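Okay, protein13.tsv is below, TSV, N, CA and C atoms:
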chain	number	residue	atom	x	y	z
Z	1	MET	N	10.09	-10.77	20.91
Z	1	MET	CA	9.22	-9.75	21.44
Z	1	MET	C	8.08	-10.42	22.19
Z	2	ILE	N	7.66	-9.79	23.26
Z	2	ILE	CA	6.55	-10.32	24.01
Z	2	ILE	C	5.24	-9.78	23.45
Z	3	PHE	N	4.14	-10.39	23.87
Z	3	PHE	CA	2.84	-10.00	23.33
Z	3	PHE	C	2.51	-8.54	23.57
Z	4	LYS	N	2.84	-8.03	24.75
Z	4	LYS	CA	2.52	-6.64	25.08
Z	4	LYS	C	3.20	-5.68	24.10
Z	5	GLN	N	4.47	-5.93	23.81
Z	5	GLN	CA	5.19	-5.07	22.86
Z	5	GLN	C	4.59	-5.19	21.46
Z	6	LEU	N	4.26	-6.40	21.04
Z	6	LEU	CA	3.69	-6.57	19.71
Z	6	LEU	C	2.34	-5.88	19.59
Z	7	ILE	N	1.55	-5.93	20.64
Z	7	ILE	CA	0.25	-5.26	20.60
Z	7	ILE	C	0.45	-3.75	20.52
Z	8	ILE	N	1.36	-3.21	21.31
Z	8	ILE	CA	1.63	-1.77	21.27
Z	8	ILE	C	2.17	-1.35	19.91
Z	9	PHE	N	3.10	-2.14	19.37
Z	9	PHE	CA	3.67	-1.81	18.06
Z	9	PHE	C	2.67	-2.04	16.93
Z	10	SER	N	1.63	-2.82	17.16
Z	10	SER	CA	0.59	-3.02	16.16
Z	10	SER	C	-0.42	-1.88	16.16
Z	11	ILE	N	-0.70	-1.32	17.33
Z	11	ILE	CA	-1.72	-0.28	17.44
Z	11	ILE	C	-1.17	1.10	17.15
Z	12	THR	N	0.06	1.37	17.56
Z	12	THR	CA	0.64	2.72	17.43
Z	12	THR	C	0.64	3.25	15.98
Z	13	PRO	N	1.05	2.47	14.98
Z	13	PRO	CA	1.02	3.03	13.61
Z	13	PRO	C	-0.38	3.38	13.14
Z	14	TRP	N	-1.39	2.60	13.55
Z	14	TRP	CA	-2.75	2.90	13.13
Z	14	TRP	C	-3.29	4.14	13.83
Z	15	VAL	N	-2.87	4.37	15.07
Z	15	VAL	CA	-3.27	5.59	15.76
Z	15	VAL	C	-2.67	6.80	15.05
Z	16	ASN	N	-1.41	6.70	14.65
Z	16	ASN	CA	-0.77	7.78	13.89
Z	16	ASN	C	-1.52	8.04	12.59
Z	17	PHE	N	-1.87	6.99	11.90
Z	17	PHE	CA	-2.60	7.08	10.65
Z	17	PHE	C	-3.96	7.76	10.86
Z	18	LEU	N	-4.67	7.37	11.91
Z	18	LEU	CA	-5.99	7.95	12.18
Z	18	LEU	C	-5.90	9.42	12.60
Z	19	ILE	N	-4.88	9.77	13.37
Z	19	ILE	CA	-4.71	11.17	13.78
Z	19	ILE	C	-4.45	12.05	12.57
Z	20	LEU	N	-3.59	11.59	11.67
Z	20	LEU	CA	-3.28	12.39	10.50
Z	20	LEU	C	-4.50	12.59	9.61
Z	21	TYR	N	-5.31	11.55	9.44
Z	21	TYR	CA	-6.49	11.71	8.61
Z	21	TYR	C	-7.61	12.43	9.33
Z	22	ALA	N	-7.59	12.46	10.66
Z	22	ALA	CA	-8.53	13.31	11.39
Z	22	ALA	C	-8.19	14.78	11.14
Z	23	PHE	N	-6.89	15.09	11.14
Z	23	PHE	CA	-6.48	16.46	10.79
Z	23	PHE	C	-6.98	16.82	9.39
Z	24	TYR	N	-6.83	15.90	8.46
Z	24	TYR	CA	-7.28	16.15	7.09
Z	24	TYR	C	-8.80	16.33	7.04
Z	25	PHE	N	-9.54	15.49	7.78
Z	25	PHE	CA	-11.00	15.56	7.78
Z	25	PHE	C	-11.50	16.88	8.34
Z	26	PHE	N	-10.86	17.35	9.40
Z	26	PHE	CA	-11.28	18.61	10.02
Z	26	PHE	C	-10.59	19.83	9.40
Z	27	LYS	N	-9.90	19.61	8.31
Z	27	LYS	CA	-9.24	20.67	7.54
Z	27	LYS	C	-8.22	21.46	8.36
Z	28	ILE	N	-7.50	20.75	9.22
Z	28	ILE	CA	-6.41	21.36	9.98
Z	28	ILE	C	-5.14	21.11	9.18
Z	29	GLU	N	-4.67	22.11	8.51
Z	29	GLU	CA	-3.51	21.94	7.64
Z	29	GLU	C	-2.45	22.98	7.99
Z	30	SER	N	-1.26	22.50	8.22
Z	30	SER	CA	-0.12	23.39	8.40
Z	30	SER	C	1.08	22.70	7.77
Z	31	THR	N	2.12	23.43	7.60
Z	31	THR	CA	3.32	22.86	6.99
Z	31	THR	C	3.91	21.77	7.86
Z	32	LEU	N	3.91	21.97	9.17
Z	32	LEU	CA	4.47	20.97	10.07
Z	32	LEU	C	3.69	19.66	10.02
Z	33	ILE	N	2.37	19.74	10.00
Z	33	ILE	CA	1.55	18.53	9.90
Z	33	ILE	C	1.76	17.86	8.55
Z	34	GLY	N	1.88	18.64	7.50
Z	34	GLY	CA	2.11	18.08	6.16
Z	34	GLY	C	3.43	17.34	6.07
Z	35	VAL	N	4.47	17.91	6.64
Z	35	VAL	CA	5.78	17.26	6.63
Z	35	VAL	C	5.74	15.99	7.47
Z	36	TYR	N	5.12	16.06	8.64
Z	36	TYR	CA	4.98	14.89	9.50
Z	36	TYR	C	4.19	13.79	8.79
Z	37	HIS	N	3.14	14.19	8.08
Z	37	HIS	CA	2.33	13.23	7.34
Z	37	HIS	C	3.16	12.53	6.27
Z	38	GLU	N	3.89	13.29	5.51
Z	38	GLU	CA	4.69	12.70	4.43
Z	38	GLU	C	5.79	11.78	4.96
Z	39	LEU	N	6.35	12.12	6.11
Z	39	LEU	CA	7.45	11.31	6.65
Z	39	LEU	C	6.97	10.06	7.37
Z	40	THR	N	5.75	10.03	7.85
Z	40	THR	CA	5.32	8.90	8.67
Z	40	THR	C	4.23	8.02	8.07
Z	41	ILE	N	3.60	8.42	6.99
Z	41	ILE	CA	2.46	7.64	6.50
Z	41	ILE	C	2.87	6.29	5.95
Z	42	ILE	N	3.92	6.21	5.18
Z	42	ILE	CA	4.34	4.92	4.62
Z	42	ILE	C	4.87	3.98	5.70
Z	43	PRO	N	5.77	4.44	6.60
Z	43	PRO	CA	6.17	3.54	7.68
Z	43	PRO	C	5.01	3.10	8.57
Z	44	SER	N	4.04	3.98	8.79
Z	44	SER	CA	2.89	3.61	9.61
Z	44	SER	C	2.09	2.50	8.95
Z	45	LEU	N	1.87	2.61	7.67
Z	45	LEU	CA	1.12	1.56	6.97
Z	45	LEU	C	1.90	0.25	6.92
Z	46	LEU	N	3.20	0.33	6.70
Z	46	LEU	CA	4.01	-0.89	6.65
Z	46	LEU	C	4.08	-1.57	8.01
Z	47	PHE	N	4.39	-0.81	9.05
Z	47	PHE	CA	4.48	-1.40	10.39
Z	47	PHE	C	3.10	-1.81	10.90
Z	48	GLY	N	2.05	-1.09	10.50
Z	48	GLY	CA	0.70	-1.46	10.88
Z	48	GLY	C	0.25	-2.74	10.22
Z	49	GLY	N	0.92	-3.14	9.17
Z	49	GLY	CA	0.62	-4.42	8.52
Z	49	GLY	C	1.52	-5.55	8.97
Z	50	VAL	N	2.77	-5.24	9.27
Z	50	VAL	CA	3.75	-6.26	9.63
Z	50	VAL	C	3.57	-6.76	11.06
Z	51	PHE	N	3.45	-5.85	12.01
Z	51	PHE	CA	3.39	-6.26	13.41
Z	51	PHE	C	2.14	-7.06	13.76
Z	52	PRO	N	0.95	-6.76	13.22
Z	52	PRO	CA	-0.18	-7.65	13.50
Z	52	PRO	C	0.02	-9.06	12.95
Z	53	ILE	N	0.68	-9.16	11.80
Z	53	ILE	CA	0.96	-10.49	11.24
Z	53	ILE	C	1.92	-11.24	12.16
Z	54	LEU	N	2.96	-10.56	12.65
Z	54	LEU	CA	3.87	-11.19	13.60
Z	54	LEU	C	3.16	-11.62	14.88
Z	55	LEU	N	2.23	-10.80	15.33
Z	55	LEU	CA	1.46	-11.12	16.54
Z	55	LEU	C	0.62	-12.37	16.32
Z	56	VAL	N	-0.03	-12.49	15.18
Z	56	VAL	CA	-0.84	-13.67	14.88
Z	56	VAL	C	0.04	-14.91	14.77
Z	57	ILE	N	1.18	-14.79	14.11
Z	57	ILE	CA	2.10	-15.93	13.98
Z	57	ILE	C	2.58	-16.38	15.35
Z	58	LYS	N	2.97	-15.44	16.19
Z	58	LYS	CA	3.45	-15.79	17.53
Z	58	LYS	C	2.33	-16.43	18.35
Z	59	PHE	N	1.13	-15.90	18.23
Z	59	PHE	CA	-0.02	-16.46	18.96
Z	59	PHE	C	-0.25	-17.91	18.56
Z	60	PHE	N	-0.26	-18.19	17.26
Z	60	PHE	CA	-0.51	-19.57	16.81
Z	60	PHE	C	0.63	-20.51	17.12
Z	61	ARG	N	1.85	-20.03	17.14
Z	61	ARG	CA	2.99	-20.89	17.51
Z	61	ARG	C	2.94	-21.31	18.97
Z	62	ILE	N	2.49	-20.42	19.83
Z	62	ILE	CA	2.48	-20.73	21.26
Z	62	ILE	C	1.25	-21.56	21.63
Z	63	PHE	N	0.08	-21.21	21.12
Z	63	PHE	CA	-1.14	-21.85	21.59
Z	63	PHE	C	-1.61	-23.01	20.74
Z	64	PHE	N	-1.03	-23.24	19.58
Z	64	PHE	CA	-1.47	-24.37	18.74
Z	64	PHE	C	-0.32	-25.22	18.32

File written out as structure tokens:
Amino acid sequence: MIFKQLIIFSITPWVNFLILYAFYFFKIESTLIGVYHELTIIPSLLFGGVFPILLVIKFFRIFF
């Protein structure tokens, strides 16, 4: 993967996470948002943790 893809894949799960909790903060609750939240929160947290680590590893392998 190139750096651009890793950066996009690192940011996208956190944006999803922030949008869902913004809905929660502003008390916007519907069944569709609840189902989307339940289906995407764990993958968002996992991918939001894995891809930044891969980005850092790739950065250090190339530049150091």

Enter the distance from atom C of Ser44 in chain Z to atom C of Phe59 in chain Z, in Å, rounded to one decimal. 22.7 Å

With all atoms listed in the file as the basis for distance, which of Z:Phe23, Z:Leu54, Z:Arg61, Z:Phe17 is at the shortest distance from Thr40 in chain Z?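 Among the listed residues, Z:Phe17 lies closest to Thr40 in chain Z.
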
Would you compute the distance between CA of Trp14 in chain Z and atom C of Ile2 in chain Z? Give it in Å to one decimal.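 Going from CA of Trp14 in chain Z over to atom C of Ile2 in chain Z covers 18.2 Å.
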
Coordinates of box centre and edge lengths for range 18-35 of chain Z, 8 Å on every side, axis-aligned, as lines of an AutoDock Vina configuration file:
center_x = -2.9
center_y = 15.4
center_z = 9.9
size_x = 33.3
size_y = 32.1
size_z = 23.7

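Coordinates place atom N of Phe26 in chain Z at a distance of 17.2 Å from atom N of Ile41 in chain Z.
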
Determine the nearest neighbour of Phe3 in chain Z from the options Z:Ile62, Z:Leu55, Z:Val15, Z:Leu20, counting all atoms listed in the file.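 Comparing Z:Ile62, Z:Leu55, Z:Val15, Z:Leu20 against Phe3 in chain Z, the winner is Z:Leu55.
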
Name all residues at most 6.5 Å from range 9-11 of chain Z (count all atoms listed in the file; drop same-chain ones fewer than 3 positions away) and give them as a PyMOL selection string. chain Z and resi 4-6+14-16+47-48+51-52

Calculated over all atoms listed in the file, which of the candidates Z:Pro13, Z:Ile7, Z:Ile19, Z:Tyr24 has the smallest distance to Gly49 in chain Z?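 Of Z:Pro13, Z:Ile7, Z:Ile19, Z:Tyr24, the one nearest Gly49 in chain Z is Z:Pro13, counting all atoms listed in the file.
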